[in-house]
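Chemist: Structure file structure-v1.cif (mmCIF, C-alpha atoms) is given on the next line.
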data_structure
#
loop_
_atom_site.group_PDB
_atom_site.id
_atom_site.type_symbol
_atom_site.label_atom_id
_atom_site.label_comp_id
_atom_site.auth_asym_id
_atom_site.auth_seq_id
_atom_site.Cartn_x
_atom_site.Cartn_y
_atom_site.Cartn_z
ATOM 1 C CA MET A 1497 3.152 -71.881 -19.567
ATOM 2 C CA THR A 1498 -0.269 -70.238 -19.327
ATOM 3 C CA GLY A 1499 -0.491 -71.189 -15.667
ATOM 4 C CA ILE A 1500 2.854 -69.543 -14.994
ATOM 5 C CA ILE A 1501 1.772 -66.310 -16.683
ATOM 6 C CA VAL A 1502 -1.562 -66.200 -14.831
ATOM 7 C CA PHE A 1503 0.193 -66.984 -11.546
ATOM 8 C CA SER A 1504 2.760 -64.219 -12.191
ATOM 9 C CA LEU A 1505 0.040 -61.676 -12.962
ATOM 10 C CA SER A 1506 -1.925 -62.585 -9.842
ATOM 11 C CA SER A 1507 1.243 -62.335 -7.735
ATOM 12 C CA ALA A 1508 1.937 -58.893 -9.196
ATOM 13 C CA ILE A 1509 -1.579 -57.742 -8.324
ATOM 14 C CA VAL A 1510 -1.151 -59.009 -4.763
ATOM 15 C CA PHE A 1511 2.069 -56.993 -4.426
ATOM 16 C CA LEU A 1512 0.296 -53.945 -5.885
ATOM 17 C CA MET A 1513 -2.701 -54.015 -3.497
ATOM 18 C CA PRO A 1514 -1.062 -52.248 -0.511
ATOM 19 C CA MET A 1515 -0.317 -49.248 -2.737
ATOM 20 C CA MET A 1516 -3.980 -48.664 -3.605
ATOM 21 C CA MET A 1517 -5.492 -45.776 -1.656
ATOM 22 C CA GLN A 1518 -8.896 -45.288 -3.279
ATOM 23 C CA PRO A 1519 -11.718 -47.828 -2.936
ATOM 24 C CA LEU A 1520 -12.282 -47.836 -6.694
ATOM 25 C CA SER A 1521 -8.714 -48.842 -7.520
ATOM 26 C CA LEU A 1522 -8.622 -51.401 -4.705
ATOM 27 C CA GLY A 1523 -11.917 -52.856 -5.921
ATOM 28 C CA PHE A 1524 -10.478 -53.084 -9.428
ATOM 29 C CA CYS A 1525 -7.404 -54.923 -8.094
ATOM 30 C CA VAL A 1526 -9.572 -57.341 -6.119
ATOM 31 C CA MET A 1527 -11.727 -57.917 -9.210
ATOM 32 C CA LEU A 1528 -8.650 -58.643 -11.343
ATOM 33 C CA MET A 1529 -7.268 -60.937 -8.648
ATOM 34 C CA SER A 1530 -10.518 -62.880 -8.492
ATOM 35 C CA LEU A 1531 -10.664 -63.099 -12.292
ATOM 36 C CA LEU A 1532 -7.108 -64.434 -12.522
ATOM 37 C CA SER A 1533 -7.683 -66.887 -9.674
ATOM 38 C CA CYS A 1534 -10.841 -68.183 -11.313
ATOM 39 C CA ILE A 1535 -9.034 -68.511 -14.656
ATOM 40 C CA LEU A 1536 -6.338 -70.560 -12.939
ATOM 41 C CA ILE A 1537 -9.012 -72.723 -11.283
ATOM 42 C CA ALA A 1538 -10.788 -73.104 -14.631
ATOM 43 C CA PHE A 1539 -7.557 -74.313 -16.250
ATOM 44 C CA CYS A 1540 -6.576 -76.661 -13.455
ATOM 45 C CA VAL A 1541 -9.728 -77.985 -11.825
ATOM 46 C CA SER A 1542 -12.830 -77.510 -13.910
ATOM 47 C CA SER A 1543 -14.121 -74.750 -16.127
ATOM 48 C CA TRP A 1544 -17.629 -74.697 -14.660
ATOM 49 C CA PHE A 1545 -16.208 -74.518 -11.137
ATOM 50 C CA GLY A 1546 -14.146 -71.460 -12.090
ATOM 51 C CA TYR A 1547 -17.137 -69.767 -13.747
ATOM 52 C CA VAL A 1548 -19.472 -70.388 -10.810
ATOM 53 C CA LEU A 1549 -16.832 -69.252 -8.329
ATOM 54 C CA PHE A 1550 -16.298 -66.056 -10.325
ATOM 55 C CA LEU A 1551 -20.026 -65.285 -10.453
ATOM 56 C CA ILE A 1552 -20.454 -65.836 -6.715
ATOM 57 C CA TYR A 1553 -17.359 -63.817 -5.885
ATOM 58 C CA VAL A 1554 -18.333 -60.930 -8.164
ATOM 59 C CA GLY A 1555 -21.814 -60.825 -6.598
ATOM 60 C CA GLY A 1556 -20.297 -60.466 -3.149
ATOM 61 C CA LEU A 1557 -17.797 -57.897 -4.400
ATOM 62 C CA LEU A 1558 -20.545 -55.765 -5.909
ATOM 63 C CA VAL A 1559 -22.399 -55.601 -2.597
ATOM 64 C CA MET A 1560 -19.216 -54.808 -0.686
ATOM 65 C CA PHE A 1561 -18.142 -52.236 -3.284
ATOM 66 C CA ALA A 1562 -21.513 -50.462 -3.048
ATOM 67 C CA TYR A 1563 -21.129 -50.042 0.719
ATOM 68 C CA VAL A 1564 -17.486 -48.967 0.538
ATOM 69 C CA SER A 1565 -18.082 -46.457 -2.241
ATOM 70 C CA ALA A 1566 -21.015 -44.996 -0.305
ATOM 71 C CA LEU A 1567 -18.854 -44.496 2.786
ATOM 72 C CA ALA A 1568 -15.584 -43.342 1.210
ATOM 73 C CA PRO A 1569 -15.014 -39.700 0.304
ATOM 74 C CA ASN A 1570 -14.472 -38.732 -3.300
ATOM 75 C CA SER A 1571 -10.792 -38.437 -4.186
ATOM 76 C CA PHE A 1572 -8.654 -38.134 -7.292
ATOM 77 C CA PHE A 1573 -6.393 -40.816 -8.706
ATOM 78 C CA SER A 1574 -2.638 -40.519 -8.741
ATOM 79 C CA GLY A 1575 -2.106 -43.692 -10.673
ATOM 80 C CA PHE A 1576 1.148 -43.111 -12.553
ATOM 81 C CA LYS A 1577 3.355 -44.338 -9.704
ATOM 82 C CA SER A 1578 1.173 -47.419 -9.253
ATOM 83 C CA LEU A 1579 1.191 -48.137 -12.982
ATOM 84 C CA VAL A 1580 4.975 -47.942 -13.220
ATOM 85 C CA SER A 1581 5.450 -50.175 -10.187
ATOM 86 C CA PHE A 1582 2.893 -52.653 -11.572
ATOM 87 C CA ILE A 1583 4.750 -52.866 -14.886
ATOM 88 C CA VAL A 1584 8.079 -53.379 -13.102
ATOM 89 C CA VAL A 1585 6.706 -56.092 -10.796
ATOM 90 C CA VAL A 1586 4.959 -57.919 -13.666
ATOM 91 C CA GLY A 1587 8.104 -57.763 -15.784
ATOM 92 C CA VAL A 1588 10.327 -59.134 -13.030
ATOM 93 C CA LEU A 1589 7.911 -61.907 -12.070
ATOM 94 C CA MET A 1590 7.370 -63.010 -15.663
ATOM 95 C CA LEU A 1591 11.096 -62.919 -16.386
ATOM 96 C CA VAL A 1592 11.874 -65.052 -13.335
ATOM 97 C CA SER A 1593 9.025 -67.460 -14.103
ATOM 98 C CA VAL A 1594 9.957 -67.916 -17.760
ATOM 99 C CA MET A 1595 13.663 -68.327 -16.972
ATOM 100 C CA THR A 1596 12.843 -70.935 -14.333
ATOM 101 C CA TYR A 1597 10.481 -72.662 -16.755
ATOM 102 C CA PHE A 1598 13.117 -72.965 -19.472
ATOM 103 C CA LYS A 1599 15.920 -73.808 -17.040
ATOM 104 C CA THR A 1600 14.196 -76.985 -15.844
ATOM 105 C CA SER A 1601 14.672 -79.884 -18.187
ATOM 106 C CA ASP A 1602 11.392 -81.562 -17.261
ATOM 107 C CA PHE A 1603 8.552 -79.291 -18.394
ATOM 108 C CA SER A 1604 5.897 -81.539 -16.873
ATOM 109 C CA VAL A 1605 7.006 -80.467 -13.382
ATOM 110 C CA TRP A 1606 5.416 -77.048 -13.873
ATOM 111 C CA GLY A 1607 2.293 -78.567 -15.355
ATOM 112 C CA ASP A 1608 1.925 -80.856 -12.366
ATOM 113 C CA PHE A 1609 2.603 -77.996 -9.971
ATOM 114 C CA PHE A 1610 -0.154 -75.762 -11.319
ATOM 115 C CA CYS A 1611 -2.695 -78.322 -12.446
ATOM 116 C CA GLN A 1612 -2.858 -81.585 -10.600
ATOM 117 C CA SER A 1613 -5.653 -83.365 -12.397
ATOM 118 C CA LYS A 1614 -7.154 -86.537 -11.061
ATOM 119 C CA GLY A 1615 -8.452 -87.911 -14.306
ATOM 120 C CA HIS A 1616 -11.927 -87.201 -15.609
ATOM 121 C CA VAL A 1617 -13.605 -87.267 -12.211
ATOM 122 C CA ILE A 1618 -16.284 -84.691 -11.538
ATOM 123 C CA VAL A 1619 -14.545 -82.295 -9.209
ATOM 124 C CA GLY A 1620 -17.608 -80.897 -7.435
ATOM 125 C CA ALA A 1621 -18.809 -84.353 -6.427
ATOM 126 C CA PHE A 1622 -16.399 -84.544 -3.495
ATOM 127 C CA LEU A 1623 -18.246 -81.692 -1.745
ATOM 128 C CA ILE A 1624 -21.461 -83.659 -1.312
ATOM 129 C CA ASN A 1625 -20.424 -87.031 -0.011
ATOM 130 C CA PRO A 1626 -21.021 -88.633 3.389
ATOM 131 C CA SER A 1627 -17.543 -87.874 4.707
ATOM 132 C CA SER A 1628 -17.829 -84.108 4.166
ATOM 133 C CA VAL A 1629 -21.403 -83.538 5.317
ATOM 134 C CA SER A 1630 -20.170 -82.172 8.644
ATOM 135 C CA LEU A 1631 -18.031 -79.656 6.752
ATOM 136 C CA MET A 1632 -21.051 -78.471 4.766
ATOM 137 C CA ILE A 1633 -23.167 -78.172 7.926
ATOM 138 C CA ALA A 1634 -20.402 -76.181 9.645
ATOM 139 C CA LEU A 1635 -20.186 -73.881 6.620
ATOM 140 C CA GLY A 1636 -23.955 -73.348 6.728
ATOM 141 C CA ILE A 1637 -23.844 -72.548 10.452
ATOM 142 C CA ILE A 1638 -21.012 -70.047 9.933
ATOM 143 C CA LEU A 1639 -22.954 -68.319 7.156
ATOM 144 C CA LEU A 1640 -26.089 -68.214 9.334
ATOM 145 C CA ILE A 1641 -24.146 -66.669 12.231
ATOM 146 C CA ASN A 1642 -22.686 -64.066 9.859
ATOM 147 C CA LEU A 1643 -26.165 -63.248 8.565
ATOM 148 C CA LEU A 1644 -27.508 -62.820 12.103
ATOM 149 C CA ALA A 1645 -24.532 -60.642 13.083
ATOM 150 C CA VAL A 1646 -25.047 -58.334 10.099
ATOM 151 C CA VAL A 1647 -28.772 -58.043 10.809
ATOM 152 C CA LYS A 1648 -28.073 -57.294 14.478
ATOM 153 C CA VAL A 1649 -25.508 -54.595 13.632
ATOM 154 C CA CYS A 1650 -27.785 -52.771 11.166
ATOM 155 C CA TYR A 1651 -30.185 -50.197 12.575
ATOM 156 C CA TYR A 1652 -33.365 -49.568 10.630
ATOM 157 C CA GLN A 1653 -33.905 -46.123 12.150
ATOM 158 C CA GLN A 1654 -30.585 -44.711 10.974
ATOM 159 C CA GLY A 1655 -31.416 -44.850 7.255
ATOM 160 C CA ALA A 1656 -28.789 -44.467 4.545
ATOM 161 C CA LEU A 1657 -25.071 -44.898 5.045
ATOM 162 C CA ARG A 1658 -24.172 -41.358 4.035
ATOM 163 C CA ALA A 1659 -26.548 -38.641 5.191
ATOM 164 C CA HIS A 1660 -27.939 -36.264 2.607
ATOM 165 C CA GLU A 1661 -30.241 -33.270 2.918
ATOM 166 C CA GLU A 1662 -33.417 -33.078 0.937
ATOM 167 C CA VAL A 1663 -33.943 -29.951 -1.118
ATOM 168 C CA GLY A 1664 -37.302 -28.404 -0.540
#
Output the structure of this file as structure tokens.
Modeler:
Amino acid sequence: MTGIIVFSLSSAIVFLMPMMMQPLSLGFCVMLMSLLSCILIAFCVSSWFGYVLFLIYVGGLLVMFAYVSALAPNSFFSGFKSLVSFIVVVGVLMLVSVMTYFKTSDFSVWGDFFCQSKGHVIVGAFLINPSSVSLMIALGIILLINLLAVVKVCYYQQGALRAHEEVG
């Protein structure tokens, strides 16, 4: 039942994201989405995997949010319409999820759908085994190429992202 509620909330946030106009509200939605996804992973896969994933994701979000907030102009919130639509979407999704949950006679179907556990096997151990070494090397190469692309795009002479005049 908890998995259904978390899944409904994350679905509602996904449907709410296109309505966000300011970077602050969009960053808040992305942060909530990552929190709910990591909670679902912590319930289903492993708690430490969800915590580590959340910390890594939040670190990347903070860097991205700093750049976006430096580039975006200051604007006011008009959040009442978004709040009402969020409440309506969450209500409908939870109502449909709970009605579907109680309509099925076999409650273990939902548990198996959200959390397919494979016993007490360490979940992170499958990442570092001989059959997936090529996947890890490819991931490292992709991250290295991204790092080189970001360094190549940045100009040291241009300075800050948003220009400001010094008083004096």
Chemist: Can you pull out every residue within 10 Å of Ala1508 of chain A, counting all atoms listed in the file, but drop anything in the same chain fewer than 3 positions away, and send it as a list in words?
Modeler: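 Counting only the stated atoms, we get Val1502, Phe1503, Ser1504, Leu1505, Phe1511, Leu1512, Met1513, Met1529, Ser1581, Phe1582, Ile1583, Val1584, Val1585, Val1586, Gly1587, Val1588, Leu1589 and Met1590 of chain A.
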Chemist: For atom CA of Ser1506 of chain A and atom CA of Cys1540 of chain A, quote the distance in Å rounded to one decimal.
Modeler: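 About the pair atom CA of Ser1506 of chain A and atom CA of Cys1540 of chain A: they are 15.3 Å apart.
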Chemist: On this structure, the PyMOL selection byres ((chain A and resi 1519-1527) around 8) would catch which residues? List them as a list in words, sorted by chain and number.
Modeler: Ile1509, Met1513, Met1516, Met1517, Gln1518, Leu1528, Met1529, Ser1530, Leu1531, Val1554, Leu1557, Phe1561, Val1564, Ser1565 and Ala1568 of chain A
Chemist: Record the distance separating atom CA of Ser1507 of chain A and atom CA of Val1559 of chain A, expressed in Å with one decimal.
Modeler: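 These two atoms are separated by 25.1 Å.
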Chemist: One decimal, in Å: what's the spacing between atom CA of Val1548 of chain A and atom CA of Ile1641 of chain A?
Modeler: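 Value for the atom CA of Val1548 of chain A-atom CA of Ile1641 of chain A distance: 23.8 Å.
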Chemist: Please write out, as AutoDock Vina command-line options, where the centre of an axis-aligned box around all listed atoms of segment 1626-1636 of chain A lies and how long its edges are, in Å to one decimal, after adding 5 Å on each side.
Modeler:
--center_x -20.7 --center_y -81.0 --center_z 6.5 --size_x 16.4 --size_y 25.3 --size_z 16.3
